[in-house]
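Trainee: First, the structure itself, so that you have it in front of you.
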Amino acid sequence: AEANATSALTVMPWMCLERCGEAWEADLEEVVSHASALGAVSFEAYDLGEGGTLVDNGFSSAAVAANATAAGMDTYAMITTVDIAKIRQLWASETGFEAAAARECKARAYSGFNVDF
């Protein structure tokens, strides 16, 4: 993954995983087979919960991250919500969302997050 950090260009596909009901295993195989051309992958992993909390959505993100990392790719776990009320709760509170996200990133060895609010 370190070589990717200095690359001029990185293409980063997004994997919807179970959220979209796709055959994520086949998608992962295809992404990993093109790892040298892609460099990074983003995947569904967390939802923004009530009160500005970080909620693991229980998808297959650990398998995606492990395989992508083994292939030398950077990994960006997605944090998602479409609920404007939850976003307002996050902005209005000091819930420790950032600290929780940082702990998850370090514990799971992600390269970072892809935030989709």
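Within each chain, counting starts at residue 1; across the structure tokens, chains are named A, B, ... in the order shown, with ligands numbered 1 upward in that order.
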Select from segment 23-90 of chain A everything DSSP, run on the backbone, classes as helix (DSSP H, G or I), then give the selection as a PyMOL selection string.
Mentor: chain A and resi 24-33+35-38+61-70+84-90
Trainee: Please return, as number ranges by chain, all residues of segment 41-73 of chain A that DSSP assigns to strand (DSSP E) on the basis of the backbone.
Mentor: A: 41-49, 53-56
Trainee: What does the file look like for those residues with C-alpha atoms, as a PDB file, in the first residue's frame?
Mentor:
```pdb
ATOM      1  CA  VAL A  41     -10.755   0.287  -2.898  1.00  0.00           C
ATOM      2  CA  SER A  42     -13.635   1.762  -0.911  1.00  0.00           C
ATOM      3  CA  PHE A  43     -16.329  -0.449   0.588  1.00  0.00           C
ATOM      4  CA  GLU A  44     -19.472  -0.203   2.695  1.00  0.00           C
ATOM      5  CA  ALA A  45     -18.525  -0.638   6.340  1.00  0.00           C
ATOM      6  CA  TYR A  46     -20.260   1.809   8.707  1.00  0.00           C
ATOM      7  CA  ASP A  47     -23.439   3.798   9.097  1.00  0.00           C
ATOM      8  CA  LEU A  48     -23.870   7.051  10.980  1.00  0.00           C
ATOM      9  CA  GLY A  49     -26.059   6.176  13.952  1.00  0.00           C
ATOM     10  CA  THR A  53     -22.368   7.396  16.619  1.00  0.00           C
ATOM     11  CA  LEU A  54     -20.348   5.123  14.357  1.00  0.00           C
ATOM     12  CA  VAL A  55     -22.228   1.860  13.670  1.00  0.00           C
ATOM     13  CA  ASP A  56     -20.595  -1.190  12.081  1.00  0.00           C
TER      14      ASP A  56
END
```
Trainee: With only C-alpha atoms as the atoms that count, which of A:Thr75, A:Trp24, A:Pro13, A:Ala66 lies nearest to Cys105 of chain A?
Mentor: A:Thr75
Trainee: What does the structure give for the distance between atom CA of Leu28 of chain A and atom CA of Phe97 of chain A, in Å to one decimal?
Mentor: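 According to the coordinates, atom CA of Leu28 of chain A and atom CA of Phe97 of chain A are separated by 28.7 Å.
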Trainee: Could you list, as a ChimeraX atom specification, every residue within 10 Å of Ala71 of chain A, counting only C-alpha atoms and ignoring same-chain residues fewer than 4 positions away?
Mentor: /A:1,31-36,39-40,65-67
Trainee: Using C-alpha atoms, can you export the residues from the last selection as an mmCIF file, in the first residue's frame?
Mentor:
```
data_model
loop_
_atom_site.group_PDB
_atom_site.id
_atom_site.type_symbol
_atom_site.label_atom_id
_atom_site.label_comp_id
_atom_site.auth_asym_id
_atom_site.auth_seq_id
_atom_site.Cartn_x
_atom_site.Cartn_y
_atom_site.Cartn_z
ATOM 1 C CA ALA A 1 0.000 0.000 0.000
ATOM 2 C CA VAL A 31 -10.886 -5.764 -7.967
ATOM 3 C CA VAL A 32 -7.929 -7.697 -6.521
ATOM 4 C CA SER A 33 -7.011 -9.055 -9.957
ATOM 5 C CA HIS A 34 -6.544 -5.442 -11.088
ATOM 6 C CA ALA A 35 -4.861 -4.220 -7.895
ATOM 7 C CA SER A 36 -1.802 -2.799 -9.640
ATOM 8 C CA GLY A 39 -4.329 1.063 -6.110
ATOM 9 C CA ALA A 40 -7.246 1.481 -3.674
ATOM 10 C CA ALA A 65 -10.007 -5.124 3.570
ATOM 11 C CA ALA A 66 -7.869 -8.203 4.242
ATOM 12 C CA ASN A 67 -7.804 -9.305 0.595
#
```
Trainee: For a quick check of understanding, using only C-alpha atoms, which of A:Val11, A:Ala107, A:Ala37, A:Gly51 has the smallest distance to Glu94 of chain A?
Mentor: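 Ranked by minimum distance to Glu94 of chain A, first place goes to A:Gly51.
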